[in-house]
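As provided, final-v2.tsv (TSV, N, CA and C atoms) reads as follows.
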```tsv
chain	number	residue	atom	x	y	z
A	1	MET	N	-78.18	193.62	68.91
A	1	MET	CA	-79.02	192.65	68.23
A	1	MET	C	-80.18	192.27	69.13
A	2	SER	N	-81.31	192.11	68.54
A	2	SER	CA	-82.53	191.78	69.27
A	2	SER	C	-82.53	190.32	69.69
A	3	THR	N	-83.13	190.05	70.82
A	3	THR	CA	-83.25	188.67	71.29
A	3	THR	C	-84.58	188.05	70.90
A	4	THR	N	-85.40	188.80	70.15
A	4	THR	CA	-86.72	188.29	69.76
A	4	THR	C	-86.66	187.43	68.51
A	5	GLY	N	-85.50	187.29	67.92
A	5	GLY	CA	-85.36	186.47	66.73
A	5	GLY	C	-85.28	187.30	65.46
A	6	ALA	N	-85.72	188.54	65.51
A	6	ALA	CA	-85.63	189.40	64.33
A	6	ALA	C	-84.22	189.98	64.27
A	7	THR	N	-83.63	189.97	63.10
A	7	THR	CA	-82.29	190.49	62.92
A	7	THR	C	-82.38	191.77	62.10
A	8	ALA	N	-81.70	192.82	62.56
A	8	ALA	CA	-81.69	194.08	61.83
A	8	ALA	C	-80.91	193.91	60.53
A	9	ASP	N	-81.30	194.66	59.52
A	9	ASP	CA	-80.62	194.63	58.24
A	9	ASP	C	-79.23	195.23	58.42
A	10	PRO	N	-78.17	194.45	58.19
A	10	PRO	CA	-76.82	194.96	58.41
A	10	PRO	C	-76.42	196.03	57.40
A	11	LEU	N	-77.15	196.15	56.29
A	11	LEU	CA	-76.83	197.14	55.28
A	11	LEU	C	-77.70	198.39	55.36
A	12	ALA	N	-78.61	198.43	56.32
A	12	ALA	CA	-79.56	199.55	56.43
A	12	ALA	C	-78.84	200.89	56.60
A	13	ALA	N	-77.75	200.91	57.31
A	13	ALA	CA	-77.02	202.16	57.54
A	13	ALA	C	-76.49	202.76	56.24
A	14	LEU	N	-76.24	201.92	55.26
A	14	LEU	CA	-75.73	202.42	53.98
A	14	LEU	C	-76.74	203.33	53.30
A	15	GLY	N	-78.01	203.07	53.52
A	15	GLY	CA	-79.06	203.86	52.90
A	15	GLY	C	-79.08	205.31	53.33
A	16	SER	N	-78.50	205.60	54.48
A	16	SER	CA	-78.49	206.97	54.98
A	16	SER	C	-77.25	207.76	54.54
A	17	LEU	N	-76.32	207.10	53.86
A	17	LEU	CA	-75.12	207.81	53.39
A	17	LEU	C	-75.49	208.79	52.28
A	18	PRO	N	-74.75	209.87	52.17
A	18	PRO	CA	-75.05	210.87	51.12
A	18	PRO	C	-74.98	210.26	49.72
A	19	GLY	N	-76.01	210.53	48.94
A	19	GLY	CA	-76.05	210.10	47.55
A	19	GLY	C	-76.57	208.70	47.31
A	20	VAL	N	-76.70	207.89	48.35
A	20	VAL	CA	-77.13	206.51	48.16
A	20	VAL	C	-78.58	206.43	47.70
A	21	ALA	N	-79.47	207.15	48.35
A	21	ALA	CA	-80.89	207.10	47.98
A	21	ALA	C	-81.08	207.54	46.53
A	22	GLU	N	-80.38	208.58	46.12
A	22	GLU	CA	-80.49	209.07	44.74
A	22	GLU	C	-79.95	208.03	43.76
A	23	SER	N	-78.85	207.40	44.10
A	23	SER	CA	-78.27	206.39	43.23
A	23	SER	C	-79.18	205.18	43.11
A	24	VAL	N	-79.77	204.76	44.21
A	24	VAL	CA	-80.69	203.62	44.18
A	24	VAL	C	-81.88	203.94	43.28
A	25	GLU	N	-82.43	205.14	43.41
A	25	GLU	CA	-83.56	205.54	42.58
A	25	GLU	C	-83.17	205.58	41.11
A	26	SER	N	-81.99	206.06	40.80
A	26	SER	CA	-81.51	206.10	39.42
A	26	SER	C	-81.38	204.69	38.83
A	27	VAL	N	-80.85	203.77	39.62
A	27	VAL	CA	-80.70	202.39	39.17
A	27	VAL	C	-82.08	201.75	38.97
A	28	ARG	N	-83.01	202.01	39.88
A	28	ARG	CA	-84.37	201.47	39.73
A	28	ARG	C	-85.00	201.93	38.42
A	29	LYS	N	-84.85	203.21	38.10
A	29	LYS	CA	-85.41	203.73	36.86
A	29	LYS	C	-84.75	203.08	35.65
A	30	ALA	N	-83.44	202.88	35.71
A	30	ALA	CA	-82.73	202.25	34.60
A	30	ALA	C	-83.20	200.81	34.41
A	31	VAL	N	-83.38	200.09	35.49
A	31	VAL	CA	-83.86	198.71	35.41
A	31	VAL	C	-85.28	198.68	34.85
A	32	ASP	N	-86.12	199.60	35.29
A	32	ASP	CA	-87.48	199.67	34.74
A	32	ASP	C	-87.46	199.93	33.24
A	33	ARG	N	-86.53	200.78	32.77
A	33	ARG	CA	-86.42	201.03	31.33
A	33	ARG	C	-86.00	199.77	30.59
A	34	VAL	N	-85.07	199.01	31.17
A	34	VAL	CA	-84.62	197.77	30.53
A	34	VAL	C	-85.78	196.78	30.46
A	35	TYR	N	-86.50	196.60	31.56
A	35	TYR	CA	-87.63	195.68	31.56
A	35	TYR	C	-88.73	196.11	30.59
A	36	GLY	N	-88.87	197.40	30.37
A	36	GLY	CA	-89.88	197.89	29.46
A	36	GLY	C	-89.48	197.87	28.00
A	37	HIS	N	-88.20	197.62	27.73
A	37	HIS	CA	-87.72	197.62	26.34
A	37	HIS	C	-88.35	196.46	25.57
A	38	ARG	N	-88.71	196.68	24.32
A	38	ARG	CA	-89.42	195.66	23.54
A	38	ARG	C	-88.60	194.39	23.35
A	39	ILE	N	-87.28	194.50	23.20
A	39	ILE	CA	-86.44	193.30	23.06
A	39	ILE	C	-86.51	192.47	24.34
A	40	MET	N	-86.47	193.15	25.46
A	40	MET	CA	-86.54	192.43	26.74
A	40	MET	C	-87.88	191.72	26.89
A	41	ARG	N	-88.95	192.35	26.44
A	41	ARG	CA	-90.27	191.73	26.54
A	41	ARG	C	-90.38	190.53	25.61
A	42	ARG	N	-89.80	190.61	24.43
A	42	ARG	CA	-89.93	189.54	23.44
A	42	ARG	C	-88.93	188.41	23.64
A	43	ARG	N	-87.75	188.75	24.12
A	43	ARG	CA	-86.68	187.74	24.20
A	43	ARG	C	-86.04	187.70	25.58
A	44	SER	N	-86.86	187.79	26.60
A	44	SER	CA	-86.31	187.88	27.96
A	44	SER	C	-85.47	186.65	28.34
A	45	ASN	N	-85.86	185.46	27.90
A	45	ASN	CA	-85.08	184.27	28.24
A	45	ASN	C	-83.69	184.32	27.63
A	46	ALA	N	-83.61	184.73	26.37
A	46	ALA	CA	-82.31	184.83	25.70
A	46	ALA	C	-81.43	185.91	26.36
A	47	VAL	N	-82.04	187.04	26.69
A	47	VAL	CA	-81.30	188.13	27.34
A	47	VAL	C	-80.82	187.69	28.72
A	48	THR	N	-81.67	187.02	29.46
A	48	THR	CA	-81.30	186.53	30.79
A	48	THR	C	-80.16	185.53	30.71
A	49	SER	N	-80.23	184.62	29.75
A	49	SER	CA	-79.16	183.63	29.57
A	49	SER	C	-77.84	184.29	29.22
A	50	GLU	N	-77.89	185.26	28.34
A	50	GLU	CA	-76.66	185.97	27.95
A	50	GLU	C	-76.08	186.73	29.13
A	51	ALA	N	-76.93	187.37	29.91
A	51	ALA	CA	-76.45	188.10	31.09
A	51	ALA	C	-75.80	187.14	32.09
A	52	ALA	N	-76.38	185.97	32.29
A	52	ALA	CA	-75.82	184.98	33.21
A	52	ALA	C	-74.47	184.48	32.70
A	53	LEU	N	-74.37	184.23	31.40
A	53	LEU	CA	-73.11	183.78	30.82
A	53	LEU	C	-72.02	184.83	31.01
A	54	ARG	N	-72.37	186.07	30.75
A	54	ARG	CA	-71.39	187.16	30.91
A	54	ARG	C	-71.01	187.37	32.37
A	55	ALA	N	-71.96	187.19	33.27
A	55	ALA	CA	-71.66	187.31	34.70
A	55	ALA	C	-70.70	186.20	35.14
A	56	ALA	N	-70.94	184.99	34.70
A	56	ALA	CA	-70.06	183.87	35.04
A	56	ALA	C	-68.67	184.10	34.48
A	57	ARG	N	-68.59	184.56	33.23
A	57	ARG	CA	-67.30	184.85	32.61
A	57	ARG	C	-66.55	185.92	33.41
A	58	GLY	N	-67.27	186.97	33.83
A	58	GLY	CA	-66.66	188.03	34.63
A	58	GLY	C	-66.17	187.53	35.98
A	59	SER	N	-66.94	186.66	36.62
A	59	SER	CA	-66.52	186.09	37.90
A	59	SER	C	-65.26	185.26	37.74
A	60	ALA	N	-65.22	184.47	36.67
A	60	ALA	CA	-64.03	183.65	36.41
A	60	ALA	C	-62.82	184.55	36.14
A	61	ALA	N	-63.04	185.64	35.42
A	61	ALA	CA	-61.94	186.56	35.13
A	61	ALA	C	-61.38	187.18	36.41
A	62	LEU	N	-62.26	187.50	37.36
A	62	LEU	CA	-61.80	188.04	38.65
A	62	LEU	C	-60.94	187.04	39.41
A	63	SER	N	-61.16	185.75	39.12
A	63	SER	CA	-60.37	184.71	39.78
A	63	SER	C	-59.15	184.30	38.95
A	64	GLY	N	-58.90	185.02	37.87
A	64	GLY	CA	-57.70	184.77	37.08
A	64	GLY	C	-57.90	184.00	35.79
A	65	ALA	N	-59.09	183.47	35.54
A	65	ALA	CA	-59.37	182.73	34.30
A	65	ALA	C	-60.08	183.68	33.34
A	66	ASP	N	-59.32	184.54	32.71
A	66	ASP	CA	-59.88	185.60	31.87
A	66	ASP	C	-60.02	185.13	30.43
A	67	TRP	N	-61.02	184.32	30.18
A	67	TRP	CA	-61.29	183.79	28.85
A	67	TRP	C	-62.17	184.75	28.07
A	68	ALA	N	-62.01	184.74	26.76
A	68	ALA	CA	-62.91	185.49	25.90
A	68	ALA	C	-64.30	184.87	25.99
A	69	LEU	N	-65.31	185.68	25.81
A	69	LEU	CA	-66.69	185.20	25.90
A	69	LEU	C	-66.95	184.07	24.90
A	70	GLU	N	-66.42	184.18	23.72
A	70	GLU	CA	-66.61	183.12	22.71
A	70	GLU	C	-65.97	181.81	23.15
A	71	GLU	N	-64.87	181.89	23.87
A	71	GLU	CA	-64.22	180.67	24.38
A	71	GLU	C	-65.11	179.99	25.41
A	72	VAL	N	-65.74	180.77	26.26
A	72	VAL	CA	-66.66	180.21	27.27
A	72	VAL	C	-67.83	179.53	26.57
A	73	ARG	N	-68.35	180.16	25.53
A	73	ARG	CA	-69.46	179.58	24.78
A	73	ARG	C	-69.05	178.28	24.08
A	74	ARG	N	-67.86	178.25	23.52
A	74	ARG	CA	-67.40	177.13	22.70
A	74	ARG	C	-67.03	175.90	23.52
A	75	ARG	N	-66.44	176.10	24.68
A	75	ARG	CA	-65.88	175.00	25.45
A	75	ARG	C	-66.95	174.18	26.15
A	76	SER	N	-66.67	172.92	26.32
A	76	SER	CA	-67.53	172.05	27.12
A	76	SER	C	-66.70	171.24	28.12
A	77	ASP	N	-65.39	171.34	28.03
A	77	ASP	CA	-64.49	170.60	28.92
A	77	ASP	C	-63.97	171.54	30.02
A	78	PHE	N	-64.69	171.58	31.11
A	78	PHE	CA	-64.34	172.51	32.18
A	78	PHE	C	-63.63	171.83	33.35
A	79	GLY	N	-63.00	170.70	33.11
A	79	GLY	CA	-62.27	170.03	34.17
A	79	GLY	C	-60.84	169.72	33.79
A	80	VAL	N	-60.39	170.27	32.66
A	80	VAL	CA	-59.08	169.90	32.12
A	80	VAL	C	-57.93	170.54	32.87
A	81	ASP	N	-57.96	171.84	33.05
A	81	ASP	CA	-56.87	172.53	33.73
A	81	ASP	C	-57.45	173.50	34.76
A	82	ASP	N	-56.58	174.22	35.45
A	82	ASP	CA	-57.04	175.10	36.52
A	82	ASP	C	-58.00	176.18	36.01
A	83	ASP	N	-57.65	176.85	34.92
A	83	ASP	CA	-58.53	177.91	34.40
A	83	ASP	C	-59.88	177.34	33.97
A	84	ALA	N	-59.85	176.18	33.35
A	84	ALA	CA	-61.11	175.55	32.92
A	84	ALA	C	-61.99	175.21	34.12
A	85	ARG	N	-61.38	174.76	35.21
A	85	ARG	CA	-62.15	174.45	36.41
A	85	ARG	C	-62.76	175.72	37.02
A	86	VAL	N	-62.01	176.81	36.98
A	86	VAL	CA	-62.52	178.08	37.51
A	86	VAL	C	-63.72	178.55	36.69
A	87	VAL	N	-63.61	178.47	35.37
A	87	VAL	CA	-64.72	178.88	34.50
A	87	VAL	C	-65.92	177.96	34.72
A	88	GLY	N	-65.69	176.67	34.81
A	88	GLY	CA	-66.78	175.72	35.06
A	88	GLY	C	-67.48	176.01	36.38
A	89	ALA	N	-66.69	176.29	37.42
A	89	ALA	CA	-67.28	176.61	38.73
A	89	ALA	C	-68.11	177.89	38.64
A	90	ALA	N	-67.61	178.89	37.94
A	90	ALA	CA	-68.36	180.15	37.80
A	90	ALA	C	-69.68	179.92	37.06
A	91	LEU	N	-69.65	179.10	36.03
A	91	LEU	CA	-70.88	178.80	35.30
A	91	LEU	C	-71.88	178.06	36.19
A	92	ARG	N	-71.40	177.08	36.95
A	92	ARG	CA	-72.30	176.33	37.84
A	92	ARG	C	-72.88	177.23	38.92
A	93	LEU	N	-72.04	178.09	39.50
A	93	LEU	CA	-72.51	178.99	40.56
A	93	LEU	C	-73.56	179.96	40.04
A	94	THR	N	-73.33	180.50	38.86
A	94	THR	CA	-74.29	181.44	38.28
A	94	THR	C	-75.63	180.75	38.04
A	95	ALA	N	-75.59	179.53	37.55
A	95	ALA	CA	-76.83	178.80	37.30
A	95	ALA	C	-77.56	178.47	38.60
A	96	GLU	N	-76.83	178.13	39.62
A	96	GLU	CA	-77.42	177.70	40.89
A	96	GLU	C	-77.92	178.87	41.74
A	97	ALA	N	-77.21	179.99	41.69
A	97	ALA	CA	-77.49	181.11	42.60
A	97	ALA	C	-78.92	181.62	42.47
A	98	GLY	N	-79.42	181.74	41.26
A	98	GLY	CA	-80.78	182.25	41.07
A	98	GLY	C	-81.83	181.36	41.70
A	99	GLN	N	-81.56	180.09	41.76
A	99	GLN	CA	-82.52	179.15	42.34
A	99	GLN	C	-82.53	179.21	43.87
A	100	LEU	N	-81.52	179.82	44.46
A	100	LEU	CA	-81.39	179.84	45.91
A	100	LEU	C	-81.82	181.15	46.55
A	101	LEU	N	-82.24	182.11	45.75
A	101	LEU	CA	-82.61	183.42	46.30
A	101	LEU	C	-83.72	183.34	47.33
A	102	SER	N	-84.70	182.49	47.10
A	102	SER	CA	-85.82	182.41	48.03
A	102	SER	C	-85.41	181.82	49.38
A	103	ILE	N	-84.33	181.08	49.41
A	103	ILE	CA	-83.86	180.45	50.64
A	103	ILE	C	-82.96	181.38	51.45
A	104	TRP	N	-82.35	182.36	50.78
A	104	TRP	CA	-81.33	183.22	51.41
A	104	TRP	C	-81.81	183.86	52.70
A	105	ARG	N	-82.99	184.45	52.72
A	105	ARG	CA	-83.47	185.16	53.93
A	105	ARG	C	-83.65	184.23	55.12
A	106	GLN	N	-84.09	183.00	54.86
A	106	GLN	CA	-84.33	182.06	55.96
A	106	GLN	C	-83.04	181.36	56.40
A	107	SER	N	-82.16	181.08	55.44
A	107	SER	CA	-80.99	180.29	55.79
A	107	SER	C	-79.79	180.62	54.90
A	108	PRO	N	-79.15	181.76	55.15
A	108	PRO	CA	-78.00	182.13	54.32
A	108	PRO	C	-76.84	181.13	54.43
A	109	LEU	N	-76.66	180.52	55.58
A	109	LEU	CA	-75.57	179.54	55.71
A	109	LEU	C	-75.84	178.31	54.84
A	110	ARG	N	-77.10	177.92	54.74
A	110	ARG	CA	-77.46	176.80	53.88
A	110	ARG	C	-77.14	177.13	52.42
A	111	VAL	N	-77.45	178.35	52.00
A	111	VAL	CA	-77.16	178.78	50.63
A	111	VAL	C	-75.66	178.79	50.40
A	112	LEU	N	-74.92	179.35	51.32
A	112	LEU	CA	-73.46	179.41	51.15
A	112	LEU	C	-72.85	178.01	51.10
A	113	ALA	N	-73.36	177.11	51.92
A	113	ALA	CA	-72.86	175.72	51.90
A	113	ALA	C	-73.17	175.07	50.55
A	114	ARG	N	-74.38	175.30	50.04
A	114	ARG	CA	-74.75	174.73	48.74
A	114	ARG	C	-73.87	175.29	47.63
A	115	LEU	N	-73.64	176.60	47.64
A	115	LEU	CA	-72.80	177.21	46.62
A	115	LEU	C	-71.36	176.69	46.70
A	116	HIS	N	-70.89	176.48	47.91
A	116	HIS	CA	-69.55	175.91	48.09
A	116	HIS	C	-69.46	174.52	47.43
A	117	LEU	N	-70.48	173.70	47.67
A	117	LEU	CA	-70.51	172.36	47.06
A	117	LEU	C	-70.58	172.43	45.54
A	118	VAL	N	-71.39	173.35	45.03
A	118	VAL	CA	-71.53	173.49	43.59
A	118	VAL	C	-70.21	173.94	42.96
A	119	ALA	N	-69.55	174.88	43.61
A	119	ALA	CA	-68.27	175.37	43.07
A	119	ALA	C	-67.19	174.29	43.09
A	120	ALA	N	-67.22	173.45	44.10
A	120	ALA	CA	-66.18	172.41	44.24
A	120	ALA	C	-66.42	171.21	43.34
A	121	ALA	N	-67.64	171.05	42.84
A	121	ALA	CA	-67.97	169.88	42.00
A	121	ALA	C	-67.15	169.91	40.72
A	122	THR	N	-66.87	168.72	40.23
A	122	THR	CA	-66.13	168.64	38.95
A	122	THR	C	-66.91	167.83	37.95
```

Translate this structure into structure tokens?
Amino acid sequence: MSTTGATADPLAALGSLPGVAESVESVRKAVDRVYGHRIMRRRSNAVTSEAALRAARGSAALSGADWALEEVRRRSDFGVDDDARVVGAALRLTAEAGQLLSIWRQSPLRVLARLHLVAAAT
């Protein structure tokens, strides 16, 4: 590690693994196609909201609260039982994470601390 204050990218070595560069390029092209799609251009806010909801639902499912997507949409009481708290935390984290991206490079510990607080809130 450098003593000049600059930190090397810890994931940089992954880029040299076989197939990684090709996979990254393939994903970039796919994302460009999605952004260029007319529905995405016309209804990007709705699409973004749906993607965030599905991401939160998936995160909650990984933690054991595997609710149907319609149940996540319908519910508003996310402090009743353990599964409800997990889903509520996932929803809060998903909403907060996007707002913290600009801070991540300067202070990842600050972001992680904030996300911890958001997840623990009831």

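For the residues A:Gly88, A:Ser16, A:Thr94, A:Asp83, ranking by smallest atom-to-atom distance to A:Ala65 using only N, CA and C atoms places A:Asp83 first.
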
Would you kindly return, as a PyMOL selection string, each protein, DNA or RNA residue with an atom no farther than 12 Å from any atom of stretch 96-112 of chain A, considering only C-alpha atoms and excluding same-chain residues fewer than 3 positions away? chain A and resi 5-7+9+48-49+52+55-56+89-93+115-119

Spatial neighbours of A:Ser76, max dist 12 Å, only C-alpha atoms, sep filter under 4 positions, as a list in words: Glu70, Glu71, Val72, Val80, Ala84, Arg85, Val87, Gly88 and Leu91 of chain A

Got a sec: who's within 8 Å of A:Ser63, counting all atoms listed in the file, leaving out chain neighbours fewer than 4 positions off, as a PDB file with N, CA and C atoms, in the frame of the given file?
```pdb
ATOM      1  N   ARG A  57     -68.590 184.560  33.230  1.00  0.00           N
ATOM      2  CA  ARG A  57     -67.300 184.850  32.610  1.00  0.00           C
ATOM      3  C   ARG A  57     -66.550 185.920  33.410  1.00  0.00           C
ATOM      4  N   GLY A  58     -67.270 186.970  33.830  1.00  0.00           N
ATOM      5  CA  GLY A  58     -66.660 188.030  34.630  1.00  0.00           C
ATOM      6  C   GLY A  58     -66.170 187.530  35.980  1.00  0.00           C
ATOM      7  N   SER A  59     -66.940 186.660  36.620  1.00  0.00           N
ATOM      8  CA  SER A  59     -66.520 186.090  37.900  1.00  0.00           C
ATOM      9  C   SER A  59     -65.260 185.260  37.740  1.00  0.00           C
ATOM     10  N   ASP A  83     -57.650 176.850  34.920  1.00  0.00           N
ATOM     11  CA  ASP A  83     -58.530 177.910  34.400  1.00  0.00           C
ATOM     12  C   ASP A  83     -59.880 177.340  33.970  1.00  0.00           C
ATOM     13  N   VAL A  86     -62.010 176.810  36.980  1.00  0.00           N
ATOM     14  CA  VAL A  86     -62.520 178.080  37.510  1.00  0.00           C
ATOM     15  C   VAL A  86     -63.720 178.550  36.690  1.00  0.00           C
TER      16      VAL A  86
END
```

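The nearest approach to A:Arg73 among the residues A:Ile39, A:Ala60, A:Val31, A:Leu53, with only C-alpha atoms taken into account, belongs to A:Leu53.
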
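If you look at atom N of A:Val27 and atom N of A:Ser44, they are 21.5 Å away from each other.
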